[in-house]
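The file coords02.cif comes next; it holds mmCIF, C-alpha atoms.
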data_data
#
loop_
_atom_site.label_atom_id
_atom_site.label_comp_id
_atom_site.auth_asym_id
_atom_site.auth_seq_id
_atom_site.Cartn_x
_atom_site.Cartn_y
_atom_site.Cartn_z
CA MET A 1 0.00 0.00 0.00
CA ALA A 2 1.40 3.37 -0.95
CA THR A 3 -0.20 6.29 0.87
CA ARG A 4 0.45 9.91 -0.13
CA GLY A 5 3.96 9.21 -1.38
CA ILE A 6 4.92 6.89 1.50
CA ASN A 7 6.68 3.71 0.50
CA PRO A 8 6.11 1.18 3.34
CA ALA A 9 8.98 -0.96 2.00
CA GLY A 10 11.40 1.88 2.80
CA LYS A 11 12.01 3.81 5.98
CA VAL A 12 9.20 6.13 7.00
CA THR A 13 9.87 9.29 8.99
CA TYR A 14 7.62 10.80 11.62
CA ALA A 15 6.86 13.68 9.22
CA GLN A 16 5.65 11.16 6.61
CA TYR A 17 3.74 9.20 9.25
CA ARG A 18 1.84 12.40 10.17
CA LEU A 19 0.55 12.56 6.55
CA LEU A 20 -1.31 9.23 6.80
CA PRO A 21 -5.08 9.58 6.40
CA GLU A 22 -7.22 9.37 9.51
CA GLY A 23 -9.13 6.15 10.07
CA GLU A 24 -6.63 3.33 9.98
CA ARG A 25 -4.26 3.24 12.94
CA TYR A 26 -0.53 2.57 12.62
CA GLU A 27 2.59 2.59 14.72
CA LEU A 28 6.07 3.30 13.39
CA ILE A 29 8.66 0.75 14.49
CA ASP A 30 12.22 1.02 13.14
CA GLY A 31 10.91 3.22 10.33
CA GLY A 32 8.33 0.64 9.20
CA LEU A 33 4.55 1.01 9.38
CA VAL A 34 2.72 -1.52 11.57
CA SER A 35 -1.07 -1.70 11.18
CA LEU A 36 -3.12 -1.79 14.39
CA THR A 37 -6.05 -3.59 12.79
CA PRO A 38 -8.16 -5.53 13.51
CA ALA A 39 -9.39 -3.77 16.63
CA PRO A 40 -8.95 -5.63 19.93
CA GLY A 41 -11.91 -7.42 21.50
CA THR A 42 -14.22 -6.76 24.43
CA ARG A 43 -11.97 -8.29 27.13
CA HIS A 44 -9.16 -5.99 25.99
CA MET A 45 -11.43 -2.95 26.09
CA LEU A 46 -12.83 -3.75 29.55
CA ALA A 47 -9.41 -4.47 31.07
CA LYS A 48 -7.98 -1.29 29.55
CA ARG A 49 -10.86 0.88 30.78
CA ARG A 50 -10.75 -0.59 34.29
CA LEU A 51 -6.96 -0.23 34.53
CA ASP A 52 -7.23 3.32 33.24
CA GLY A 53 -9.61 4.19 36.08
CA ALA A 54 -7.38 2.58 38.71
CA LEU A 55 -4.25 4.32 37.40
CA ARG A 56 -6.02 7.69 37.33
CA VAL A 57 -6.90 7.27 41.02
CA VAL A 58 -3.26 6.61 41.91
CA VAL A 59 -1.64 9.08 39.50
CA GLU A 60 -3.95 11.99 38.73
CA ALA A 61 -6.01 12.15 41.93
CA ALA A 62 -2.77 12.16 43.91
CA GLY A 63 -1.17 14.80 41.66
CA LEU A 64 1.68 12.48 40.61
CA GLY A 65 1.30 13.01 36.87
CA VAL A 66 -0.94 12.22 33.90
CA VAL A 67 -2.35 8.96 32.52
CA GLY A 68 -2.66 8.78 28.72
CA ASP A 69 -4.33 6.23 26.51
CA ALA A 70 -4.54 5.17 22.87
CA PRO A 71 -4.99 6.51 20.36
CA ILE A 72 -2.32 9.13 20.93
CA ASP A 73 1.08 9.17 19.27
CA VAL A 74 4.05 8.67 21.55
CA VAL A 75 7.05 9.76 19.48
CA LEU A 76 10.15 8.05 20.83
CA ASP A 77 12.24 9.38 17.93
CA GLU A 78 11.70 10.10 14.23
CA GLY A 79 11.60 6.38 13.36
CA HIS A 80 9.58 5.11 16.35
CA VAL A 81 6.02 6.18 17.05
CA VAL A 82 3.81 3.99 19.24
CA GLN A 83 0.29 4.15 20.62
CA PRO A 84 0.44 2.34 23.98
CA ASP A 85 -2.86 1.20 25.46
CA LEU A 86 -2.07 3.22 28.60
CA PHE A 87 0.90 5.22 29.82
CA VAL A 88 1.93 7.42 32.72
CA VAL A 89 4.07 10.55 32.65
CA ILE A 90 5.24 11.76 36.07
CA SER A 91 4.62 15.45 36.91
CA ASP A 92 8.20 16.69 36.51
CA ARG A 93 8.23 15.38 32.91
CA LEU A 94 4.91 16.76 31.63
CA ALA A 95 6.79 18.94 29.15
CA ILE A 96 6.96 15.91 26.83
CA PHE A 97 3.25 16.50 26.00
CA HIS A 98 2.79 18.51 22.78
CA SER A 99 -0.20 19.41 20.63
CA GLU A 100 0.30 16.41 18.31
CA GLY A 101 1.01 13.90 21.09
CA VAL A 102 3.89 12.96 23.34
CA ARG A 103 7.55 13.47 22.39
CA GLY A 104 9.67 11.23 24.59
CA ALA A 105 9.39 8.06 26.63
CA PRO A 106 6.64 7.83 29.25
CA ASP A 107 7.63 6.66 32.72
CA LEU A 108 5.26 3.67 32.67
CA VAL A 109 3.62 1.88 29.73
CA VAL A 110 0.78 -0.67 29.86
CA GLU A 111 0.02 -2.91 26.89
CA VAL A 112 -3.06 -5.16 27.03
CA LEU A 113 -2.44 -8.22 24.87
CA SER A 114 -4.81 -9.07 22.03
CA PRO A 115 -4.47 -12.00 19.62
CA GLY A 116 -2.85 -9.79 16.99
CA SER A 117 -0.44 -8.02 19.35
CA VAL A 118 1.15 -10.77 21.47
CA ARG A 119 4.44 -11.02 19.59
CA ARG A 120 4.75 -7.27 19.07
CA ASP A 121 3.95 -6.40 22.73
CA ARG A 122 6.00 -9.20 24.32
CA PHE A 123 9.11 -8.82 22.21
CA GLU A 124 9.34 -5.88 19.78
CA LYS A 125 7.71 -3.20 21.94
CA LYS A 126 9.22 -4.54 25.17
CA SER A 127 12.68 -4.20 23.64
CA LEU A 128 11.81 -0.79 22.17
CA TYR A 129 10.50 0.58 25.47
CA ALA A 130 13.62 -0.61 27.29
CA ARG A 131 15.86 0.97 24.65
CA PHE A 132 14.12 4.34 25.04
CA GLY A 133 14.15 4.27 28.84
CA VAL A 134 10.55 3.53 29.85
CA ARG A 135 11.12 2.84 33.55
CA GLU A 136 8.26 0.39 34.03
CA TYR A 137 6.40 -1.84 31.55
CA TRP A 138 3.22 -3.79 32.25
CA ILE A 139 1.99 -6.60 30.06
CA VAL A 140 -1.68 -7.28 30.82
CA ASP A 141 -2.62 -10.77 29.63
CA PRO A 142 -6.39 -11.41 29.29
CA GLU A 143 -5.86 -15.09 28.40
CA ALA A 144 -3.75 -15.86 31.48
CA GLU A 145 -5.69 -13.26 33.53
CA ARG A 146 -2.55 -11.71 34.98
CA PHE A 147 -0.42 -8.58 35.02
CA GLU A 148 3.32 -8.84 34.40
CA ILE A 149 5.18 -5.84 35.83
CA TYR A 150 8.68 -5.26 34.48
CA GLN A 151 11.19 -2.80 35.88
CA LEU A 152 14.00 -1.33 33.78
CA THR A 153 17.51 -2.24 34.91
CA GLU A 154 20.92 -1.64 33.35
CA THR A 155 20.53 -4.86 31.33
CA GLY A 156 16.90 -4.41 30.23
CA TYR A 157 13.60 -5.34 31.81
CA GLU A 158 13.38 -7.69 34.76
CA LEU A 159 10.11 -9.14 36.01
CA ALA A 160 9.39 -7.25 39.24
CA ARG A 161 5.97 -8.80 39.94
CA LEU A 162 3.55 -11.33 38.51
CA VAL A 163 0.05 -10.46 39.70
CA GLU A 164 -2.83 -12.96 39.51
CA GLY A 165 -6.28 -13.54 40.99
CA ASN A 166 -7.36 -11.07 43.68
CA SER A 167 -3.87 -9.72 44.36
CA ARG A 168 -3.30 -6.02 43.82
CA PRO A 169 -0.33 -4.88 41.75
CA VAL A 170 2.41 -2.92 43.47
CA SER A 171 4.17 -0.73 40.96
CA PRO A 172 7.85 0.05 41.65
CA LEU A 173 7.07 3.57 40.39
CA LEU A 174 3.59 4.25 41.80
CA GLY A 175 3.01 1.91 44.72
CA GLU A 176 -0.20 -0.11 45.07
CA VAL A 177 -2.73 0.21 42.25
CA PRO A 178 -6.34 -0.47 43.35
CA ILE A 179 -7.33 -3.18 40.88
CA SER A 180 -6.72 -6.92 40.72
CA PRO A 181 -6.63 -9.10 37.61
CA ALA A 182 -9.90 -10.68 38.80
CA GLU A 183 -11.50 -7.21 38.77
CA ALA A 184 -9.89 -6.15 35.48
CA PHE A 185 -11.03 -9.28 33.64
CA ALA A 186 -14.46 -9.73 35.30
CA PRO A 187 -17.04 -10.51 32.64
CA LEU A 188 -20.04 -8.32 32.03
CA PRO A 189 -23.44 -9.68 33.13
CA GLY A 190 -24.75 -11.98 30.39
CA TRP A 191 -21.24 -12.41 28.91
CA ARG A 192 -21.02 -15.04 26.15
#
Write-out of the structure in structure tokens:
Amino acid sequence: MATRGINPAGKVTYAQYRLLPEGERYELIDGGLVSLTPAPGTRHMLAKRRLDGALRVVVEAAGLGVVGDAPIDVVLDEGHVVQPDLFVVISDRLAIFHSEGVRGAPDLVVEVLSPGSVRRDRFEKKSLYARFGVREYWIVDPEAERFEIYQLTETGYELARLVEGNSRPVSPLLGEVPISPAEAFAPLPGWR
């Protein structure tokens, strides 16, 4: 697919990425366009929305920073633009917010796995976030019904906590977050 003079086989810059038509969602990884379709399912949406609420209680209500959510461009550099499901920027770094999105690495990123994103979230984006200095990375797994909390070290991410059932996550960056996997993944009444 060629879009407005963009050749997806070659390297795409952030300036070219900004020319893409609205509607379809993409990320830019190593200068290559990655489509974010098909859309994730209901379990993904519910877990994301519930986690968003819990993070806002801990972060925004306490004045620690801002919680952001997709779709918003997080520009790590000219060849890397992502749209994390959720992210946190601590108050002393709010200057990375700009009119077109965020320019720089958030302090914490949350990716909720969907069938089409497992490989990208577990490997490509995990490596990318570590390389750009995201201090904490959560992988939220609806299939396993757990949260994996990784903390950045000198050698990359190390698993800080594996949270399952009714346990509450304790973020190395934020402290306790008031939601358990059981709450995040609870089905809606009449769920099929």
Selection dump of the PyMOL selection byres ((chain A and resi 133-144) around 7), as an NGL selection string: :A and (43-44 or 105-113 or 129-132 or 145-152 or 185)
Residues within 8 Å of (7.4, 7.4, 7.4), counting all atoms listed in the file, listed as an MDAnalysis selection string: chainID A and resid 6:8 11:18 28 31:33 79
Report as a PyMOL selection string the full result of the PyMOL selection byres ((chain A and resi 54-65) around 12) when it is applied to this structure. chain A and resi 47-53+66-69+86-97+106-110+168-171+173-181+183-184
Let's have the selection written as a tab-separated table (two decimals), keeping the file's coordinate frame, with C-alpha atoms.
chain	number	residue	atom	x	y	z
A	47	ALA	CA	-9.41	-4.47	31.07
A	48	LYS	CA	-7.98	-1.29	29.55
A	49	ARG	CA	-10.86	0.88	30.78
A	50	ARG	CA	-10.75	-0.59	34.29
A	51	LEU	CA	-6.96	-0.23	34.53
A	52	ASP	CA	-7.23	3.32	33.24
A	53	GLY	CA	-9.61	4.19	36.08
A	66	VAL	CA	-0.94	12.22	33.90
A	67	VAL	CA	-2.35	8.96	32.52
A	68	GLY	CA	-2.66	8.78	28.72
A	69	ASP	CA	-4.33	6.23	26.51
A	86	LEU	CA	-2.07	3.22	28.60
A	87	PHE	CA	0.90	5.22	29.82
A	88	VAL	CA	1.93	7.42	32.72
A	89	VAL	CA	4.07	10.55	32.65
A	90	ILE	CA	5.24	11.76	36.07
A	91	SER	CA	4.62	15.45	36.91
A	92	ASP	CA	8.20	16.69	36.51
A	93	ARG	CA	8.23	15.38	32.91
A	94	LEU	CA	4.91	16.76	31.63
A	95	ALA	CA	6.79	18.94	29.15
A	96	ILE	CA	6.96	15.91	26.83
A	97	PHE	CA	3.25	16.50	26.00
A	106	PRO	CA	6.64	7.83	29.25
A	107	ASP	CA	7.63	6.66	32.72
A	108	LEU	CA	5.26	3.67	32.67
A	109	VAL	CA	3.62	1.88	29.73
A	110	VAL	CA	0.78	-0.67	29.86
A	168	ARG	CA	-3.30	-6.02	43.82
A	169	PRO	CA	-0.33	-4.88	41.75
A	170	VAL	CA	2.41	-2.92	43.47
A	171	SER	CA	4.17	-0.73	40.96
A	173	LEU	CA	7.07	3.57	40.39
A	174	LEU	CA	3.59	4.25	41.80
A	175	GLY	CA	3.01	1.91	44.72
A	176	GLU	CA	-0.20	-0.11	45.07
A	177	VAL	CA	-2.73	0.21	42.25
A	178	PRO	CA	-6.34	-0.47	43.35
A	179	ILE	CA	-7.33	-3.18	40.88
A	180	SER	CA	-6.72	-6.92	40.72
A	181	PRO	CA	-6.63	-9.10	37.61
A	183	GLU	CA	-11.50	-7.21	38.77
A	184	ALA	CA	-9.89	-6.15	35.48
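Coordinates place CA of Val81 (chain A) at a distance of 8.7 Å from CA of Tyr26 (chain A).
For the atom pair formed by CA of Thr42 (chain A) and CA of Glu24 (chain A), the distance is 19.2 Å, given to one decimal.
Atom to atom, CA of Glu27 (chain A) and CA of Val74 (chain A) stand 9.3 Å apart.
Candidate residues A:Pro115, A:Pro84, A:Gly41, A:Pro187 were compared for distance to Val102 (chain A), and the nearest is A:Pro84, using only C-alpha atoms.
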Closest to Glu158 (chain A) among A:Arg25, A:Lys126, A:His80, A:Arg119, using only C-alpha atoms? A:Lys126
Write out as number ranges by chain each polymer residue whose atoms come within 8 Å of Gly101 (chain A), counting all atoms listed in the file; drop sequence neighbours fewer than 2 positions from it. A: 72-75, 97-99, 103
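Proximity ranking of A:Pro40, A:Ala182, A:Thr153, A:Val118 relative to Ser167 (chain A) places A:Ala182 first, based on all atoms listed in the file.
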What would region 113-137 of chain A look like with N, CA and C atoms restored, written as a PDB file, in the frame of the given file?
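selection_26.pdb, freshly written:
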ATOM      1  N   LEU A 113      -2.617  -7.310  25.998  1.00  0.00           N
ATOM      2  CA  LEU A 113      -2.440  -8.220  24.870  1.00  0.00           C
ATOM      3  C   LEU A 113      -3.768  -8.484  24.163  1.00  0.00           C
ATOM      4  N   SER A 114      -3.697  -8.596  22.842  1.00  0.00           N
ATOM      5  CA  SER A 114      -4.810  -9.070  22.030  1.00  0.00           C
ATOM      6  C   SER A 114      -4.222 -10.109  21.092  1.00  0.00           C
ATOM      7  N   PRO A 115      -5.041 -10.945  20.467  1.00  0.00           N
ATOM      8  CA  PRO A 115      -4.470 -12.000  19.620  1.00  0.00           C
ATOM      9  C   PRO A 115      -3.485 -11.488  18.572  1.00  0.00           C
ATOM     10  N   GLY A 116      -3.731 -10.321  18.017  1.00  0.00           N
ATOM     11  CA  GLY A 116      -2.850  -9.790  16.990  1.00  0.00           C
ATOM     12  C   GLY A 116      -1.639  -9.039  17.504  1.00  0.00           C
ATOM     13  N   SER A 117      -1.533  -8.842  18.829  1.00  0.00           N
ATOM     14  CA  SER A 117      -0.440  -8.020  19.350  1.00  0.00           C
ATOM     15  C   SER A 117       0.552  -8.758  20.240  1.00  0.00           C
ATOM     16  N   VAL A 118       0.335 -10.043  20.486  1.00  0.00           N
ATOM     17  CA  VAL A 118       1.150 -10.770  21.470  1.00  0.00           C
ATOM     18  C   VAL A 118       2.637 -10.679  21.154  1.00  0.00           C
ATOM     19  N   ARG A 119       3.017 -11.035  19.944  1.00  0.00           N
ATOM     20  CA  ARG A 119       4.440 -11.020  19.590  1.00  0.00           C
ATOM     21  C   ARG A 119       5.013  -9.603  19.656  1.00  0.00           C
ATOM     22  N   ARG A 120       4.271  -8.656  19.087  1.00  0.00           N
ATOM     23  CA  ARG A 120       4.750  -7.270  19.070  1.00  0.00           C
ATOM     24  C   ARG A 120       4.902  -6.720  20.490  1.00  0.00           C
ATOM     25  N   ASP A 121       3.892  -6.946  21.366  1.00  0.00           N
ATOM     26  CA  ASP A 121       3.950  -6.400  22.730  1.00  0.00           C
ATOM     27  C   ASP A 121       4.983  -7.109  23.597  1.00  0.00           C
ATOM     28  N   ARG A 122       5.085  -8.432  23.467  1.00  0.00           N
ATOM     29  CA  ARG A 122       6.000  -9.200  24.320  1.00  0.00           C
ATOM     30  C   ARG A 122       7.469  -9.059  23.922  1.00  0.00           C
ATOM     31  N   PHE A 123       7.724  -8.828  22.662  1.00  0.00           N
ATOM     32  CA  PHE A 123       9.110  -8.820  22.210  1.00  0.00           C
ATOM     33  C   PHE A 123       9.523  -7.473  21.602  1.00  0.00           C
ATOM     34  N   GLU A 124       8.908  -7.088  20.479  1.00  0.00           N
ATOM     35  CA  GLU A 124       9.340  -5.880  19.780  1.00  0.00           C
ATOM     36  C   GLU A 124       9.165  -4.624  20.648  1.00  0.00           C
ATOM     37  N   LYS A 125       7.959  -4.418  21.169  1.00  0.00           N
ATOM     38  CA  LYS A 125       7.710  -3.200  21.940  1.00  0.00           C
ATOM     39  C   LYS A 125       8.402  -3.252  23.305  1.00  0.00           C
ATOM     40  N   LYS A 126       8.505  -4.423  23.890  1.00  0.00           N
ATOM     41  CA  LYS A 126       9.220  -4.540  25.170  1.00  0.00           C
ATOM     42  C   LYS A 126      10.676  -4.115  24.986  1.00  0.00           C
ATOM     43  N   SER A 127      11.298  -4.577  23.933  1.00  0.00           N
ATOM     44  CA  SER A 127      12.680  -4.200  23.640  1.00  0.00           C
ATOM     45  C   SER A 127      12.780  -2.696  23.317  1.00  0.00           C
ATOM     46  N   LEU A 128      11.834  -2.207  22.541  1.00  0.00           N
ATOM     47  CA  LEU A 128      11.810  -0.790  22.170  1.00  0.00           C
ATOM     48  C   LEU A 128      11.660   0.099  23.395  1.00  0.00           C
ATOM     49  N   TYR A 129      10.718  -0.232  24.274  1.00  0.00           N
ATOM     50  CA  TYR A 129      10.500   0.580  25.470  1.00  0.00           C
ATOM     51  C   TYR A 129      11.731   0.584  26.373  1.00  0.00           C
ATOM     52  N   ALA A 130      12.387  -0.561  26.487  1.00  0.00           N
ATOM     53  CA  ALA A 130      13.620  -0.610  27.290  1.00  0.00           C
ATOM     54  C   ALA A 130      14.695   0.273  26.661  1.00  0.00           C
ATOM     55  N   ARG A 131      14.836   0.183  25.358  1.00  0.00           N
ATOM     56  CA  ARG A 131      15.860   0.970  24.650  1.00  0.00           C
ATOM     57  C   ARG A 131      15.658   2.465  24.834  1.00  0.00           C
ATOM     58  N   PHE A 132      14.399   2.913  24.905  1.00  0.00           N
ATOM     59  CA  PHE A 132      14.120   4.340  25.040  1.00  0.00           C
ATOM     60  C   PHE A 132      13.920   4.786  26.489  1.00  0.00           C
ATOM     61  N   GLY A 133      14.121   3.871  27.440  1.00  0.00           N
ATOM     62  CA  GLY A 133      14.150   4.270  28.840  1.00  0.00           C
ATOM     63  C   GLY A 133      12.818   4.332  29.573  1.00  0.00           C
ATOM     64  N   VAL A 134      11.799   3.613  29.094  1.00  0.00           N
ATOM     65  CA  VAL A 134      10.550   3.530  29.850  1.00  0.00           C
ATOM     66  C   VAL A 134      10.847   2.756  31.129  1.00  0.00           C
ATOM     67  N   ARG A 135      10.667   3.395  32.273  1.00  0.00           N
ATOM     68  CA  ARG A 135      11.120   2.840  33.550  1.00  0.00           C
ATOM     69  C   ARG A 135      10.350   1.602  33.987  1.00  0.00           C
ATOM     70  N   GLU A 136       9.086   1.519  33.607  1.00  0.00           N
ATOM     71  CA  GLU A 136       8.260   0.390  34.030  1.00  0.00           C
ATOM     72  C   GLU A 136       7.332  -0.012  32.890  1.00  0.00           C
ATOM     73  N   TYR A 137       7.207  -1.323  32.657  1.00  0.00           N
ATOM     74  CA  TYR A 137       6.400  -1.840  31.550  1.00  0.00           C
ATOM     75  C   TYR A 137       5.488  -2.941  32.084  1.00  0.00           C
TER      76      TYR A 137
END
